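Enquirer: Got a structure for you, questions after.
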Amino acid sequence: MPDVEEALGYVMEGIKQTRMDLKGEVPLIGFAGAPWTLLCYMVQGKGSKDFSEAKRFCFKQPEAAKVLLDKITDTTIAYMKAQIKAGAQAFQLFDSWAGLLGPDDFMEFSYPYLKKIVAECTVPNILFAKGSWYALEELKATGANAIGVDWAVTPEMARNVLGSDVTIQGNFDPSRLYAPIPQIEKWTKEMIDRFGKDATSLI
């Protein structure tokens with residue numbers, strides 16, 4: 001396992017400098033990829049539409065996969081804590097490829113590691129497991145302060161499942177940014193209104 005301060009010291013220096021440049025005007029959000037997503041890239045060795053090699057590794061050698069996921073998780077926790085120490089005031093964890101897993105496989109190869117990282121976070125945090133709309137209740141159970149959802153989930157469904165005590169982030173389809181600005185503004189306002197209480201939108 002790497003020493004994150006040594007291997008990624010330039011990231012921490014960038015955070016410190018950015019924090020100074022912001023002069024307290026806006027919060028600085030740190031981020032990291034989630035263990036399942038990082039495993040996908042590590043095993044596949046490149047981008048992929050289905051990460052079939054990564055999934056084959058998990059299904060053929062599940063115990064080895066979990067050893068790797070544990071190591072990625074511990075490294076990610078160290079990386080997160082280093083970012084917070086350097087000045088990140090909030091933290092977002094991205095599981096970009098969570099949607100490639102079915103519900104049972106998500107609970108085995110993604111969820112436990114997300115939960116462990118969130119539990120170690122000492123600043124407000126956002127958890128975004130793209131495509132895992134079927135696990136909104138479980139994502140809430142991690143204790144995350146905010147849950148990111150993608151455009152495949154209606155705001156009403158997300159709010160109904162997550163309740164009023166969790167902030168929801170999302171769920172604008174990035175492709176909609178090709179529309180004229182007045183239309184983008186209209187869609188954004190409609191989305192926020194549909195989320196209701198504590199909704200935020202980062203597009």
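So you can find residues: chains in the structure tokens are A, B, ... in the order shown, residues in each start at 1, and ligands are numbered from 1 in order.
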Please identify which residues in stretch 132-182 of chain A DSSP calls helix (DSSP H, G or I) from the backbone, and express them as number ranges by chain.

Expert: A: 133-141, 155-162, 174-178, 181-182

Enquirer: Using DSSP on the backbone coordinates, identify all residues within stretch 39-155 of chain A classified as strand (DSSP E or B); present the result as a ChimeraX atom specification.

Expert: /A:90-95,125-129,146-149

Enquirer: Would you mind exporting the chosen residues as a compact mmCIF listing (two decimals), in the first residue's frame, restricted to C-alpha atoms?

Expert:
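Full text of result_37.txt as output:
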# COMPACT_ATOMS: atom_id res chain seq x y z
CA ALA A 90 -16.31 18.43 2.46
CA PHE A 91 -15.70 15.16 0.67
CA GLN A 92 -17.39 13.34 -2.20
CA LEU A 93 -16.98 9.65 -2.97
CA PHE A 94 -17.72 8.60 -6.56
CA ASP A 95 -18.65 5.03 -7.45
CA ASN A 125 -19.77 14.07 2.84
CA ILE A 126 -21.55 13.20 -0.38
CA LEU A 127 -21.91 9.63 -1.65
CA PHE A 128 -22.58 9.09 -5.35
CA ALA A 129 -22.99 5.51 -6.56
CA ALA A 146 -25.90 13.71 1.06
CA ILE A 147 -26.68 11.16 -1.64
CA GLY A 148 -25.97 11.86 -5.28
CA VAL A 149 -28.39 10.37 -7.80

Enquirer: Counting only C-alpha atoms, what is within 6 Å of stretch 153-166 of chain A, bar same-chain residues fewer than 2 positions away, as a list in words?

Expert: Ala146, Trp151, Arg194 and Phe195 of chain A

Enquirer: Take the selection from the previous step and output its residues with C-alpha atoms, as a CSV table (one decimal), in the first residue's frame.

Expert:
chain,number,residue,atom,x,y,z
A,146,ALA,CA,-25.9,13.7,1.1
A,151,TRP,CA,-30.8,11.1,-14.2
A,194,ARG,CA,-39.2,18.3,-7.7
A,195,PHE,CA,-36.6,17.3,-5.1

Enquirer: Check the smallest atom-to-atom distance from each of A:Val26, A:Ile181, A:Ala82, A:Cys58 to A:Val4 using only C-alpha atoms, then report the winner.

Expert: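 Under the stated criterion, the closest residue is A:Ala82.
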